[in-house]
Every structure is written in C-alpha cells, then in structure tokens.
$ cat run.pdb   # PDB, C-alpha atoms
ATOM      1  CA  MET A   1      13.486   6.057  -4.266  1.00  0.00           C
ATOM      2  CA  ILE A   2      13.345   8.675  -1.529  1.00  0.00           C
ATOM      3  CA  LEU A   3      12.473   8.020   2.127  1.00  0.00           C
ATOM      4  CA  GLN A   4      11.653  10.934   4.407  1.00  0.00           C
ATOM      5  CA  ARG A   5      10.399  11.095   7.994  1.00  0.00           C
ATOM      6  CA  ASP A   6       8.899  14.117   9.714  1.00  0.00           C
ATOM      7  CA  ALA A   7       8.399  15.203  13.308  1.00  0.00           C
ATOM      8  CA  CYS A   8       4.700  14.277  13.163  1.00  0.00           C
ATOM      9  CA  GLY A   9       5.448  10.552  12.868  1.00  0.00           C
ATOM     10  CA  VAL A  10       4.779  10.338   9.125  1.00  0.00           C
ATOM     11  CA  ALA A  11       7.135   8.645   6.663  1.00  0.00           C
ATOM     12  CA  ILE A  12       6.901   9.471   2.955  1.00  0.00           C
ATOM     13  CA  VAL A  13       8.227   7.016   0.380  1.00  0.00           C
ATOM     14  CA  THR A  14       8.631   8.631  -3.041  1.00  0.00           C
ATOM     15  CA  LEU A  15       8.988   6.552  -6.178  1.00  0.00           C
ATOM     16  CA  ALA A  16      11.512   8.408  -8.304  1.00  0.00           C
ATOM     17  CA  HIS A  17      12.895   7.441 -11.695  1.00  0.00           C
ATOM     18  CA  PRO A  18      13.557  10.631 -13.657  1.00  0.00           C
ATOM     19  CA  ARG A  19      12.396  10.825 -17.285  1.00  0.00           C
ATOM     20  CA  LYS A  20      10.666   7.424 -16.985  1.00  0.00           C
ATOM     21  CA  LYS A  21       7.472   8.397 -15.154  1.00  0.00           C
ATOM     22  CA  ASN A  22       8.904   6.571 -12.124  1.00  0.00           C
ATOM     23  CA  ALA A  23       8.930   3.186 -13.868  1.00  0.00           C
ATOM     24  CA  ILE A  24      10.125   0.712 -11.257  1.00  0.00           C
ATOM     25  CA  ASN A  25      13.288  -1.259 -11.897  1.00  0.00           C
ATOM     26  CA  GLU A  26      14.502  -4.298  -9.988  1.00  0.00           C
ATOM     27  CA  ALA A  27      16.712  -2.248  -7.669  1.00  0.00           C
ATOM     28  CA  MET A  28      13.754  -0.022  -6.784  1.00  0.00           C
ATOM     29  CA  TRP A  29      11.568  -3.033  -5.950  1.00  0.00           C
ATOM     30  CA  ARG A  30      14.221  -4.339  -3.596  1.00  0.00           C
ATOM     31  CA  GLN A  31      14.708  -0.902  -2.060  1.00  0.00           C
ATOM     32  CA  LEU A  32      10.967  -0.563  -1.540  1.00  0.00           C
ATOM     33  CA  ALA A  33      10.883  -3.841   0.386  1.00  0.00           C
ATOM     34  CA  ALA A  34      13.865  -2.741   2.485  1.00  0.00           C
ATOM     35  CA  HIS A  35      12.283   0.616   3.300  1.00  0.00           C
ATOM     36  CA  PHE A  36       9.073  -1.015   4.467  1.00  0.00           C
ATOM     37  CA  ALA A  37      10.935  -3.569   6.576  1.00  0.00           C
ATOM     38  CA  GLU A  38      12.714  -0.650   8.238  1.00  0.00           C
ATOM     39  CA  LEU A  39       9.562   1.425   8.736  1.00  0.00           C
ATOM     40  CA  ALA A  40       7.595  -1.513  10.126  1.00  0.00           C
ATOM     41  CA  ASN A  41      10.001  -1.595  13.091  1.00  0.00           C
ATOM     42  CA  ASP A  42      10.336   2.165  13.599  1.00  0.00           C
ATOM     43  CA  ASP A  43       8.340   3.080  16.699  1.00  0.00           C
ATOM     44  CA  ALA A  44       8.496   6.771  15.810  1.00  0.00           C
ATOM     45  CA  VAL A  45       6.526   6.211  12.596  1.00  0.00           C
ATOM     46  CA  GLY A  46       2.758   6.112  12.896  1.00  0.00           C
ATOM     47  CA  ALA A  47       1.729   6.204   9.235  1.00  0.00           C
ATOM     48  CA  ILE A  48       3.266   6.010   5.761  1.00  0.00           C
ATOM     49  CA  VAL A  49       2.471   7.735   2.475  1.00  0.00           C
ATOM     50  CA  ILE A  50       3.642   6.388  -0.898  1.00  0.00           C
ATOM     51  CA  THR A  51       3.744   8.847  -3.747  1.00  0.00           C
ATOM     52  CA  GLY A  52       5.591   9.475  -7.004  1.00  0.00           C
ATOM     53  CA  ALA A  53       7.895  12.240  -8.134  1.00  0.00           C
ATOM     54  CA  ASP A  54       7.301  14.793 -10.891  1.00  0.00           C
ATOM     55  CA  GLY A  55       3.572  14.434 -11.419  1.00  0.00           C
ATOM     56  CA  ASP A  56       3.198  10.669 -11.830  1.00  0.00           C
ATOM     57  CA  PHE A  57       2.808   7.786  -9.406  1.00  0.00           C
ATOM     58  CA  ALA A  58       4.501   5.046 -11.432  1.00  0.00           C
ATOM     59  CA  ALA A  59       4.214   3.930 -15.048  1.00  0.00           C
ATOM     60  CA  GLY A  60       4.691   0.224 -14.281  1.00  0.00           C
ATOM     61  CA  GLY A  61       7.885  -1.786 -14.382  1.00  0.00           C
ATOM     62  CA  ASP A  62      10.950  -0.511 -16.197  1.00  0.00           C
ATOM     63  CA  LEU A  63      10.493  -2.218 -19.558  1.00  0.00           C
ATOM     64  CA  SER A  64      14.028  -1.370 -20.658  1.00  0.00           C
ATOM     65  CA  GLU A  65      15.471  -3.932 -18.239  1.00  0.00           C
ATOM     66  CA  PHE A  66      12.998  -6.718 -19.071  1.00  0.00           C
ATOM     67  CA  PRO A  67      15.358  -8.326 -21.641  1.00  0.00           C
ATOM     68  CA  ILE A  68      17.732  -8.882 -18.712  1.00  0.00           C
ATOM     69  CA  VAL A  69      15.564  -9.463 -15.644  1.00  0.00           C
ATOM     70  CA  ARG A  70      13.109 -11.645 -17.564  1.00  0.00           C
ATOM     71  CA  ALA A  71      15.512 -13.160 -20.080  1.00  0.00           C
ATOM     72  CA  ASN A  72      14.335 -16.709 -19.295  1.00  0.00           C
ATOM     73  CA  ARG A  73      11.931 -18.467 -16.972  1.00  0.00           C
ATOM     74  CA  ALA A  74      14.413 -18.852 -14.149  1.00  0.00           C
ATOM     75  CA  ARG A  75      15.441 -15.206 -14.277  1.00  0.00           C
ATOM     76  CA  ALA A  76      11.807 -14.074 -14.545  1.00  0.00           C
ATOM     77  CA  ALA A  77      10.869 -16.169 -11.509  1.00  0.00           C
ATOM     78  CA  ALA A  78      13.743 -14.629  -9.545  1.00  0.00           C
ATOM     79  CA  TYR A  79      12.580 -11.158 -10.558  1.00  0.00           C
ATOM     80  CA  HIS A  80       8.909 -11.611  -9.666  1.00  0.00           C
ATOM     81  CA  GLU A  81       9.327 -13.856  -6.618  1.00  0.00           C
ATOM     82  CA  GLY A  82      12.551 -12.335  -5.332  1.00  0.00           C
ATOM     83  CA  ALA A  83      12.003  -8.624  -5.990  1.00  0.00           C
ATOM     84  CA  VAL A  84       8.457  -7.588  -6.941  1.00  0.00           C
ATOM     85  CA  ARG A  85       6.292  -9.847  -4.782  1.00  0.00           C
ATOM     86  CA  PRO A  86       8.291  -9.279  -1.545  1.00  0.00           C
ATOM     87  CA  ALA A  87       7.923  -5.521  -1.990  1.00  0.00           C
ATOM     88  CA  LEU A  88       4.168  -5.823  -2.501  1.00  0.00           C
ATOM     89  CA  LEU A  89       3.811  -8.085   0.529  1.00  0.00           C
ATOM     90  CA  ALA A  90       5.885  -5.678   2.630  1.00  0.00           C
ATOM     91  CA  ILE A  91       3.410  -2.923   1.789  1.00  0.00           C
ATOM     92  CA  ARG A  92       0.309  -5.053   2.346  1.00  0.00           C
ATOM     93  CA  ASP A  93       1.551  -6.550   5.597  1.00  0.00           C
ATOM     94  CA  CYS A  94       3.099  -3.411   7.074  1.00  0.00           C
ATOM     95  CA  PRO A  95       1.668  -2.892  10.594  1.00  0.00           C
ATOM     96  CA  LYS A  96       1.559   0.873   9.966  1.00  0.00           C
ATOM     97  CA  PRO A  97      -1.294   2.363   7.891  1.00  0.00           C
ATOM     98  CA  VAL A  98      -0.162   3.082   4.328  1.00  0.00           C
ATOM     99  CA  ILE A  99      -1.828   5.665   2.076  1.00  0.00           C
ATOM    100  CA  ALA A 100      -1.169   6.004  -1.659  1.00  0.00           C
ATOM    101  CA  ALA A 101      -1.066   9.573  -3.006  1.00  0.00           C
ATOM    102  CA  VAL A 102      -1.596   9.200  -6.743  1.00  0.00           C
ATOM    103  CA  GLU A 103      -1.039  11.758  -9.477  1.00  0.00           C
ATOM    104  CA  GLY A 104      -0.842  11.056 -13.209  1.00  0.00           C
ATOM    105  CA  ALA A 105      -0.015   7.524 -14.326  1.00  0.00           C
ATOM    106  CA  CYS A 106      -0.665   4.630 -11.932  1.00  0.00           C
ATOM    107  CA  VAL A 107      -0.015   1.682 -14.208  1.00  0.00           C
ATOM    108  CA  GLY A 108       1.187  -1.928 -13.950  1.00  0.00           C
ATOM    109  CA  GLY A 109       3.488  -2.216 -10.963  1.00  0.00           C
ATOM    110  CA  GLY A 110       2.383   1.236  -9.842  1.00  0.00           C
ATOM    111  CA  LEU A 111      -1.229   0.028  -9.787  1.00  0.00           C
ATOM    112  CA  GLU A 112      -0.187  -3.009  -7.747  1.00  0.00           C
ATOM    113  CA  ILE A 113       1.554  -0.796  -5.188  1.00  0.00           C
ATOM    114  CA  ALA A 114      -1.390   1.573  -4.855  1.00  0.00           C
ATOM    115  CA  LEU A 115      -3.930  -1.240  -4.477  1.00  0.00           C
ATOM    116  CA  LEU A 116      -1.983  -2.831  -1.631  1.00  0.00           C
ATOM    117  CA  CYS A 117      -2.064   0.359   0.397  1.00  0.00           C
ATOM    118  CA  ASP A 118      -4.827   0.805   2.978  1.00  0.00           C
ATOM    119  CA  TRP A 119      -6.475   3.467   0.866  1.00  0.00           C
ATOM    120  CA  ILE A 120      -5.855   5.672  -2.149  1.00  0.00           C
ATOM    121  CA  VAL A 121      -6.025   9.443  -2.489  1.00  0.00           C
ATOM    122  CA  ALA A 122      -5.967  10.260  -6.201  1.00  0.00           C
ATOM    123  CA  ALA A 123      -5.993  13.348  -8.359  1.00  0.00           C
ATOM    124  CA  GLU A 124      -9.102  13.696 -10.506  1.00  0.00           C
ATOM    125  CA  ASN A 125      -7.005  13.328 -13.669  1.00  0.00           C
ATOM    126  CA  ALA A 126      -5.015  10.257 -12.563  1.00  0.00           C
ATOM    127  CA  ARG A 127      -5.142   7.137 -14.757  1.00  0.00           C
ATOM    128  CA  PHE A 128      -5.181   3.527 -13.568  1.00  0.00           C
ATOM    129  CA  GLY A 129      -4.560   0.352 -15.522  1.00  0.00           C
ATOM    130  CA  ALA A 130      -2.356  -2.561 -16.545  1.00  0.00           C
ATOM    131  CA  PRO A 131      -2.189  -2.606 -20.364  1.00  0.00           C
ATOM    132  CA  VAL A 132       0.543  -5.234 -20.516  1.00  0.00           C
ATOM    133  CA  ALA A 133      -1.289  -7.589 -22.893  1.00  0.00           C
ATOM    134  CA  GLN A 134      -0.423  -5.252 -25.762  1.00  0.00           C
ATOM    135  CA  LEU A 135       3.207  -6.268 -25.167  1.00  0.00           C
ATOM    136  CA  GLY A 136       2.339  -9.953 -25.348  1.00  0.00           C
ATOM    137  CA  PHE A 137       2.573 -10.932 -21.684  1.00  0.00           C
ATOM    138  CA  ALA A 138       0.258 -11.265 -18.705  1.00  0.00           C
ATOM    139  CA  VAL A 139       0.464  -9.968 -15.166  1.00  0.00           C
ATOM    140  CA  TYR A 140       2.360 -12.493 -13.052  1.00  0.00           C
ATOM    141  CA  PRO A 141      -0.262 -14.587 -11.182  1.00  0.00           C
ATOM    142  CA  GLY A 142       1.721 -14.329  -7.951  1.00  0.00           C
ATOM    143  CA  GLU A 143       1.029 -10.601  -8.098  1.00  0.00           C
ATOM    144  CA  MET A 144      -2.496 -10.861  -9.495  1.00  0.00           C
ATOM    145  CA  GLU A 145      -3.573 -12.932  -6.503  1.00  0.00           C
ATOM    146  CA  LEU A 146      -2.611  -9.996  -4.283  1.00  0.00           C
ATOM    147  CA  ILE A 147      -4.490  -7.318  -6.227  1.00  0.00           C
ATOM    148  CA  ALA A 148      -7.556  -9.260  -7.405  1.00  0.00           C
ATOM    149  CA  PRO A 149      -9.306  -9.041  -3.996  1.00  0.00           C
ATOM    150  CA  ARG A 150      -8.842  -5.256  -4.060  1.00  0.00           C
ATOM    151  CA  LEU A 151     -10.809  -4.630  -7.272  1.00  0.00           C
ATOM    152  CA  PRO A 152     -14.225  -5.621  -8.595  1.00  0.00           C
ATOM    153  CA  ARG A 153     -13.704  -8.432 -11.105  1.00  0.00           C
ATOM    154  CA  ALA A 154     -15.246  -6.545 -14.023  1.00  0.00           C
ATOM    155  CA  LEU A 155     -13.072  -3.500 -13.394  1.00  0.00           C
ATOM    156  CA  LEU A 156      -9.901  -5.595 -13.301  1.00  0.00           C
ATOM    157  CA  ALA A 157     -11.066  -7.442 -16.414  1.00  0.00           C
ATOM    158  CA  ARG A 158     -11.353  -4.158 -18.316  1.00  0.00           C
ATOM    159  CA  MET A 159      -7.857  -3.200 -17.245  1.00  0.00           C
ATOM    160  CA  LEU A 160      -6.330  -6.551 -18.194  1.00  0.00           C
ATOM    161  CA  LEU A 161      -8.370  -7.765 -21.169  1.00  0.00           C
ATOM    162  CA  GLU A 162      -9.048  -4.459 -22.893  1.00  0.00           C
ATOM    163  CA  GLY A 163      -5.944  -2.727 -21.593  1.00  0.00           C
ATOM    164  CA  ALA A 164      -8.109   0.191 -20.492  1.00  0.00           C
ATOM    165  CA  LEU A 165      -6.625   3.105 -18.582  1.00  0.00           C
ATOM    166  CA  LEU A 166      -9.441   4.131 -16.285  1.00  0.00           C
ATOM    167  CA  PRO A 167      -9.979   7.560 -14.738  1.00  0.00           C
ATOM    168  CA  THR A 168     -10.111   8.231 -11.025  1.00  0.00           C
ATOM    169  CA  ALA A 169     -13.897   8.604 -11.212  1.00  0.00           C
ATOM    170  CA  SER A 170     -14.274   4.941 -12.227  1.00  0.00           C
ATOM    171  CA  LEU A 171     -12.303   3.771  -9.223  1.00  0.00           C
ATOM    172  CA  VAL A 172     -14.192   6.102  -6.894  1.00  0.00           C
ATOM    173  CA  ALA A 173     -17.472   4.644  -8.143  1.00  0.00           C
ATOM    174  CA  ALA A 174     -16.120   1.147  -7.456  1.00  0.00           C
ATOM    175  CA  GLY A 175     -15.060   2.081  -3.918  1.00  0.00           C
ATOM    176  CA  VAL A 176     -11.357   1.588  -4.681  1.00  0.00           C
ATOM    177  CA  VAL A 177     -10.229   5.228  -4.492  1.00  0.00           C
ATOM    178  CA  THR A 178     -11.464   6.860  -1.292  1.00  0.00           C
ATOM    179  CA  ASP A 179     -10.614  10.498  -2.070  1.00  0.00           C
ATOM    180  CA  SER A 180     -10.701  12.238  -5.454  1.00  0.00           C
ATOM    181  CA  VAL A 181      -8.861  15.551  -5.175  1.00  0.00           C
ATOM    182  CA  ALA A 182      -7.715  18.438  -7.338  1.00  0.00           C
ATOM    183  CA  PRO A 183      -4.641  17.741  -9.485  1.00  0.00           C
ATOM    184  CA  GLY A 184      -1.459  18.466  -7.586  1.00  0.00           C
ATOM    185  CA  SER A 185      -3.005  18.029  -4.134  1.00  0.00           C
ATOM    186  CA  ALA A 186      -2.962  14.250  -3.591  1.00  0.00           C
ATOM    187  CA  LEU A 187       0.165  14.290  -1.425  1.00  0.00           C
ATOM    188  CA  THR A 188      -1.107  17.181   0.684  1.00  0.00           C
ATOM    189  CA  VAL A 189      -4.405  15.427   1.386  1.00  0.00           C
ATOM    190  CA  ALA A 190      -2.771  12.046   2.029  1.00  0.00           C
ATOM    191  CA  ARG A 191      -0.162  13.573   4.309  1.00  0.00           C
ATOM    192  CA  ALA A 192      -2.810  15.359   6.385  1.00  0.00           C
ATOM    193  CA  ALA A 193      -4.635  12.046   6.857  1.00  0.00           C
ATOM    194  CA  ALA A 194      -1.375  10.333   7.794  1.00  0.00           C
ATOM    195  CA  GLU A 195      -0.674  13.004  10.394  1.00  0.00           C
ATOM    196  CA  ARG A 196      -4.086  12.445  11.964  1.00  0.00           C
ATOM    197  CA  ILE A 197      -3.399   8.712  12.112  1.00  0.00           C
ATOM    198  CA  ALA A 198       0.094   9.192  13.534  1.00  0.00           C
ATOM    199  CA  ALA A 199      -1.374  11.301  16.337  1.00  0.00           C
ATOM    200  CA  ARG A 200      -3.426   8.311  17.515  1.00  0.00           C
ATOM    201  CA  PRO A 201      -2.015   5.656  19.870  1.00  0.00           C
ATOM    202  CA  HIS A 202       0.075   3.511  17.542  1.00  0.00           C
ATOM    203  CA  ARG A 203      -0.762   0.242  19.256  1.00  0.00           C
ATOM    204  CA  ALA A 204      -4.504   0.711  18.814  1.00  0.00           C
ATOM    205  CA  VAL A 205      -4.114   1.725  15.174  1.00  0.00           C
ATOM    206  CA  ALA A 206      -1.912  -1.306  14.493  1.00  0.00           C
ATOM    207  CA  ALA A 207      -4.477  -3.576  16.146  1.00  0.00           C
ATOM    208  CA  HIS A 208      -7.254  -2.214  13.943  1.00  0.00           C
ATOM    209  CA  LYS A 209      -5.160  -2.771  10.827  1.00  0.00           C
ATOM    210  CA  ALA A 210      -4.278  -6.311  11.896  1.00  0.00           C
ATOM    211  CA  TRP A 211      -7.909  -7.243  12.576  1.00  0.00           C
ATOM    212  CA  LEU A 212      -9.060  -5.704   9.299  1.00  0.00           C
ATOM    213  CA  ALA A 213      -6.500  -7.861   7.496  1.00  0.00           C
ATOM    214  CA  ARG A 214      -7.514 -10.989   9.383  1.00  0.00           C
ATOM    215  CA  LEU A 215     -11.234 -10.516   8.811  1.00  0.00           C
ATOM    216  CA  THR A 216     -11.009  -9.599   5.131  1.00  0.00           C
ATOM    217  CA  GLN A 217      -8.283 -12.021   4.014  1.00  0.00           C
ATOM    218  CA  ASN A 218      -9.304 -15.109   5.984  1.00  0.00           C
ATOM    219  CA  PRO A 219     -12.918 -16.344   5.799  1.00  0.00           C
ATOM    220  CA  ALA A 220     -12.542 -18.654   8.808  1.00  0.00           C
ATOM    221  CA  PRO A 221     -14.504 -17.658  11.935  1.00  0.00           C
ATOM    222  CA  LEU A 222     -12.517 -16.154  14.774  1.00  0.00           C
ATOM    223  CA  SER A 223     -11.113 -18.714  17.169  1.00  0.00           C
ATOM    224  CA  GLU A 224     -11.554 -18.376  20.919  1.00  0.00           C
ATOM    225  CA  GLU A 225      -7.844 -17.568  21.172  1.00  0.00           C
ATOM    226  CA  GLU A 226      -8.265 -14.732  18.670  1.00  0.00           C
ATOM    227  CA  ARG A 227     -11.265 -13.371  20.577  1.00  0.00           C
ATOM    228  CA  GLN A 228      -9.185 -13.326  23.733  1.00  0.00           C
ATOM    229  CA  GLN A 229      -6.383 -11.562  21.895  1.00  0.00           C
ATOM    230  CA  GLY A 230      -8.908  -8.872  21.020  1.00  0.00           C
ATOM    231  CA  LEU A 231      -9.273  -8.112  24.747  1.00  0.00           C
ATOM    232  CA  LEU A 232      -5.589  -7.533  25.473  1.00  0.00           C
ATOM    233  CA  TRP A 233      -6.226  -3.773  25.548  1.00  0.00           C
ATOM    234  CA  VAL A 234      -7.746  -4.318  29.010  1.00  0.00           C
ATOM    235  CA  ASP A 235      -4.206  -4.829  30.313  1.00  0.00           C
ATOM    236  CA  ASP A 236      -2.789  -1.783  28.500  1.00  0.00           C
ATOM    237  CA  PRO A 237      -1.898   1.080  30.890  1.00  0.00           C
ATOM    238  CA  GLU A 238      -1.927   3.543  27.960  1.00  0.00           C
ATOM    239  CA  HIS A 239      -5.598   2.815  27.337  1.00  0.00           C
ATOM    240  CA  TRP A 240      -6.568   3.528  30.950  1.00  0.00           C
ATOM    241  CA  ALA A 241      -4.454   6.694  31.079  1.00  0.00           C
ATOM    242  CA  LEU A 242      -6.105   8.001  27.907  1.00  0.00           C
ATOM    243  CA  LEU A 243      -9.563   7.093  29.165  1.00  0.00           C
ATOM    244  CA  ARG A 244      -9.008   8.881  32.471  1.00  0.00           C
ATOM    245  CA  ARG A 245      -7.793  11.952  30.569  1.00  0.00           C
ATOM    246  CA  PHE A 246     -10.871  11.829  28.328  1.00  0.00           C
ATOM    247  CA  LEU A 247     -13.129  11.617  31.389  1.00  0.00           C
ATOM    248  CA  GLY A 248     -11.323  14.542  32.978  1.00  0.00           C
ATOM    249  CA  GLN A 249      -9.842  12.418  35.727  1.00  0.00           C
ATOM    250  CA  THR A 250      -6.270  12.708  36.959  1.00  0.00           C
TER     251      THR A 250
END

$ encode --input "run.pdb" --output "structure tokens"
Amino acid sequence: MILQRDACGVAIVTLAHPRKKNAINEAMWRQLAAHFAELANDDAVGAIVITGADGDFAAGGDLSEFPIVRANRARAAAYHEGAVRPALLAIRDCPKPVIAAVEGACVGGGLEIALLCDWIVAAENARFGAPVAQLGFAVYPGEMELIAPRLPRALLARMLLEGALLPTASLVAAGVVTDSVAPGSALTVARAAAERIAARPHRAVAAHKAWLARLTQNPAPLSEEERQQGLLWVDDPEHWALLRRFLGQT
C-alpha cells in the first residue's frame, strides 16, 4: 500500500501486492482504513484517488491467507468485521471525494473498493466481477449490503450467480463507471479530475458529498433541522469573499 500527496491537494492511495495482482491481505485492509482515517482529517487534501500498481486494480482478497484469517467462524467474523468492512466504510464515509482509477482486474474486494468510491474511471479493457462462488463461498453479507445499492440488481446477480467478469462497457451502460478511457490512462484521467475538485473550496465540496450521501442512503424526508443546516453557508466568510471576487468586487 502506497500513500502519496501532491502540492495540488490530491492524495493517491495505491494498492500494491507484487506478483499477486494486488490481492488484498488483512494487513492491507487495516492499512487502507488507517490511511483513510488520516486523509479524512488532513485539511490540505481536497480529493483522493485509489488505484492499483502494475496494471491491475485488485484481484480480490489474498486467498493464500484464507486458511488462517477465515479458519473458523470466529476468525472469519474478526476478519470481515474487524478488517474488511471498516476499510470499506472508511472509503464510503470519507468526507473527501474519492475516485477509483481502474486498470485490469477489479475483482472481489477490489470491486467492493471501487464501488464505494464516488465514481469510477476505468480502462476500456478492465474487468469487473466477484466469482467467489466457484470457490464454494459467498460474499460476506456485511459487505454485500454496502455494494448492492451501487449496482443494478441484475448486474450484481450476473457477477455473483454466474461468476461473470464483465467488461467496462457493461458498467458504463449501467451508469456505474462514469469514464471509459484508453488502457493505461485511468490514473491520469482520475488525477486530473481530482485536481479540479481539490481546487474548489473544500468545505463546499464536503457539504455536497455529505448531502448526496444523506439523500441517497436515507429515504426519510429532510427534517427542519437538516434544512437549516443546509443554509449554514450564509454565515461562511469564504463564500462571500469568493462571491465578491466573482462579481469583480473588492
């Protein structure tokens, strides 16, 4: 796992597991959660990109450690609830916009990570899926409940029931991948978008992300208190300074 920050306010988190297509082991899941906890509180960071090293995003969990980390029900629960799910929630709930830059394999845990980002930039030849049933187990429901709202049911059913690895074009058609790009350029495109976001006032961007989450994850109507919270920008000196500058006023 590699964490980099640049002078433009963009942080890049790179999934890296050499010779394993960046398969994610337990230590990497915990490190991912720690990185996002750190970035969430870094005022210098305006946007985050997650990508993978060496031409792949991530080929799922590291199966070689499953006999240890999922040796019994108690150990499996500790793995999924104590390592995987917290990392996924840290990505989903991060106040900074998060963009996935996907090349090659985006499978299993890699698919879960990408789906919990705010949007996905993917190479035309990337492949998405979760063919775990062929190994005799199912996606942990505590993770499925996080990704199911992000995919059309039939598309997720193909991935899970058939074990299909679907091309980028299928996810573009379903509105899941926002940008289909030439192979090798996903990070470049995602980083450029992140730089544009980071150049915006961070407080306004964070507010938009928070309201998007509230309105898409919670079907309850807005309360009066929430509506009033949506007017707090009126008391923000940065807003008025930016508006005066836009209007050409000093």

$ closest_residue --input "run.pdb" --among "A:Trp119, A:Phe246, A:Phe57, A:Tyr79" --to "Cys106 (chain A)" --atoms "all atoms listed in the file"
A:Phe57

$ resolve_selection --input "run.pdb" --expression "the PyMOL selection byres ((chain A and resi 165-179) around 12)" --output "PDB file with C-alpha atoms, keeping the file's coordinate frame"
ATOM      1  CA  ALA A  59       4.214   3.930 -15.048  1.00  0.00           C
ATOM      2  CA  ILE A  99      -1.828   5.665   2.076  1.00  0.00           C
ATOM      3  CA  ALA A 100      -1.169   6.004  -1.659  1.00  0.00           C
ATOM      4  CA  ALA A 101      -1.066   9.573  -3.006  1.00  0.00           C
ATOM      5  CA  VAL A 102      -1.596   9.200  -6.743  1.00  0.00           C
ATOM      6  CA  GLU A 103      -1.039  11.758  -9.477  1.00  0.00           C
ATOM      7  CA  GLY A 104      -0.842  11.056 -13.209  1.00  0.00           C
ATOM      8  CA  ALA A 105      -0.015   7.524 -14.326  1.00  0.00           C
ATOM      9  CA  CYS A 106      -0.665   4.630 -11.932  1.00  0.00           C
ATOM     10  CA  VAL A 107      -0.015   1.682 -14.208  1.00  0.00           C
ATOM     11  CA  GLY A 108       1.187  -1.928 -13.950  1.00  0.00           C
ATOM     12  CA  LEU A 111      -1.229   0.028  -9.787  1.00  0.00           C
ATOM     13  CA  ALA A 114      -1.390   1.573  -4.855  1.00  0.00           C
ATOM     14  CA  LEU A 115      -3.930  -1.240  -4.477  1.00  0.00           C
ATOM     15  CA  LEU A 116      -1.983  -2.831  -1.631  1.00  0.00           C
ATOM     16  CA  CYS A 117      -2.064   0.359   0.397  1.00  0.00           C
ATOM     17  CA  ASP A 118      -4.827   0.805   2.978  1.00  0.00           C
ATOM     18  CA  TRP A 119      -6.475   3.467   0.866  1.00  0.00           C
ATOM     19  CA  ILE A 120      -5.855   5.672  -2.149  1.00  0.00           C
ATOM     20  CA  VAL A 121      -6.025   9.443  -2.489  1.00  0.00           C
ATOM     21  CA  ALA A 122      -5.967  10.260  -6.201  1.00  0.00           C
ATOM     22  CA  ALA A 123      -5.993  13.348  -8.359  1.00  0.00           C
ATOM     23  CA  GLU A 124      -9.102  13.696 -10.506  1.00  0.00           C
ATOM     24  CA  ASN A 125      -7.005  13.328 -13.669  1.00  0.00           C
ATOM     25  CA  ALA A 126      -5.015  10.257 -12.563  1.00  0.00           C
ATOM     26  CA  ARG A 127      -5.142   7.137 -14.757  1.00  0.00           C
ATOM     27  CA  PHE A 128      -5.181   3.527 -13.568  1.00  0.00           C
ATOM     28  CA  GLY A 129      -4.560   0.352 -15.522  1.00  0.00           C
ATOM     29  CA  ALA A 130      -2.356  -2.561 -16.545  1.00  0.00           C
ATOM     30  CA  PRO A 131      -2.189  -2.606 -20.364  1.00  0.00           C
ATOM     31  CA  VAL A 132       0.543  -5.234 -20.516  1.00  0.00           C
ATOM     32  CA  ILE A 147      -4.490  -7.318  -6.227  1.00  0.00           C
ATOM     33  CA  ALA A 148      -7.556  -9.260  -7.405  1.00  0.00           C
ATOM     34  CA  PRO A 149      -9.306  -9.041  -3.996  1.00  0.00           C
ATOM     35  CA  ARG A 150      -8.842  -5.256  -4.060  1.00  0.00           C
ATOM     36  CA  LEU A 151     -10.809  -4.630  -7.272  1.00  0.00           C
ATOM     37  CA  PRO A 152     -14.225  -5.621  -8.595  1.00  0.00           C
ATOM     38  CA  ARG A 153     -13.704  -8.432 -11.105  1.00  0.00           C
ATOM     39  CA  ALA A 154     -15.246  -6.545 -14.023  1.00  0.00           C
ATOM     40  CA  LEU A 155     -13.072  -3.500 -13.394  1.00  0.00           C
ATOM     41  CA  LEU A 156      -9.901  -5.595 -13.301  1.00  0.00           C
ATOM     42  CA  ALA A 157     -11.066  -7.442 -16.414  1.00  0.00           C
ATOM     43  CA  ARG A 158     -11.353  -4.158 -18.316  1.00  0.00           C
ATOM     44  CA  MET A 159      -7.857  -3.200 -17.245  1.00  0.00           C
ATOM     45  CA  LEU A 160      -6.330  -6.551 -18.194  1.00  0.00           C
ATOM     46  CA  LEU A 161      -8.370  -7.765 -21.169  1.00  0.00           C
ATOM     47  CA  GLU A 162      -9.048  -4.459 -22.893  1.00  0.00           C
ATOM     48  CA  GLY A 163      -5.944  -2.727 -21.593  1.00  0.00           C
ATOM     49  CA  ALA A 164      -8.109   0.191 -20.492  1.00  0.00           C
ATOM     50  CA  SER A 180     -10.701  12.238  -5.454  1.00  0.00           C
ATOM     51  CA  VAL A 181      -8.861  15.551  -5.175  1.00  0.00           C
ATOM     52  CA  ALA A 182      -7.715  18.438  -7.338  1.00  0.00           C
ATOM     53  CA  PRO A 183      -4.641  17.741  -9.485  1.00  0.00           C
ATOM     54  CA  SER A 185      -3.005  18.029  -4.134  1.00  0.00           C
ATOM     55  CA  ALA A 186      -2.962  14.250  -3.591  1.00  0.00           C
ATOM     56  CA  LEU A 187       0.165  14.290  -1.425  1.00  0.00           C
ATOM     57  CA  THR A 188      -1.107  17.181   0.684  1.00  0.00           C
ATOM     58  CA  VAL A 189      -4.405  15.427   1.386  1.00  0.00           C
ATOM     59  CA  ALA A 190      -2.771  12.046   2.029  1.00  0.00           C
ATOM     60  CA  ALA A 193      -4.635  12.046   6.857  1.00  0.00           C
TER      61      ALA A 193
END

$ atom_distance --input "run.pdb" --atom1 "CA of Arg73 (chain A)" --atom2 "CA of Ala16 (chain A)"
28.2 Å

$ atom_distance --input "run.pdb" --atom1 "CA of Glu26 (chain A)" --atom2 "CA of Pro67 (chain A)"
12.4 Å

$ resolve_selection --input "run.pdb" --expression "the PyMOL selection byres ((chain A and resi 18) around 12)" --output "mmCIF file with C-alpha atoms, keeping the file's coordinate frame"
data_model
loop_
_atom_site.group_PDB
_atom_site.id
_atom_site.type_symbol
_atom_site.label_atom_id
_atom_site.label_comp_id
_atom_site.auth_asym_id
_atom_site.auth_seq_id
_atom_site.Cartn_x
_atom_site.Cartn_y
_atom_site.Cartn_z
ATOM 1 C CA MET A 1 13.486 6.057 -4.266
ATOM 2 C CA THR A 14 8.631 8.631 -3.041
ATOM 3 C CA LEU A 15 8.988 6.552 -6.178
ATOM 4 C CA ALA A 16 11.512 8.408 -8.304
ATOM 5 C CA HIS A 17 12.895 7.441 -11.695
ATOM 6 C CA ARG A 19 12.396 10.825 -17.285
ATOM 7 C CA LYS A 20 10.666 7.424 -16.985
ATOM 8 C CA LYS A 21 7.472 8.397 -15.154
ATOM 9 C CA ASN A 22 8.904 6.571 -12.124
ATOM 10 C CA ALA A 23 8.930 3.186 -13.868
ATOM 11 C CA ILE A 24 10.125 0.712 -11.257
ATOM 12 C CA GLY A 52 5.591 9.475 -7.004
ATOM 13 C CA ALA A 53 7.895 12.240 -8.134
ATOM 14 C CA ASP A 54 7.301 14.793 -10.891
ATOM 15 C CA GLY A 55 3.572 14.434 -11.419
ATOM 16 C CA ASP A 56 3.198 10.669 -11.830
ATOM 17 C CA PHE A 57 2.808 7.786 -9.406
ATOM 18 C CA ALA A 58 4.501 5.046 -11.432
ATOM 19 C CA ALA A 59 4.214 3.930 -15.048
ATOM 20 C CA ASP A 62 10.950 -0.511 -16.197
#
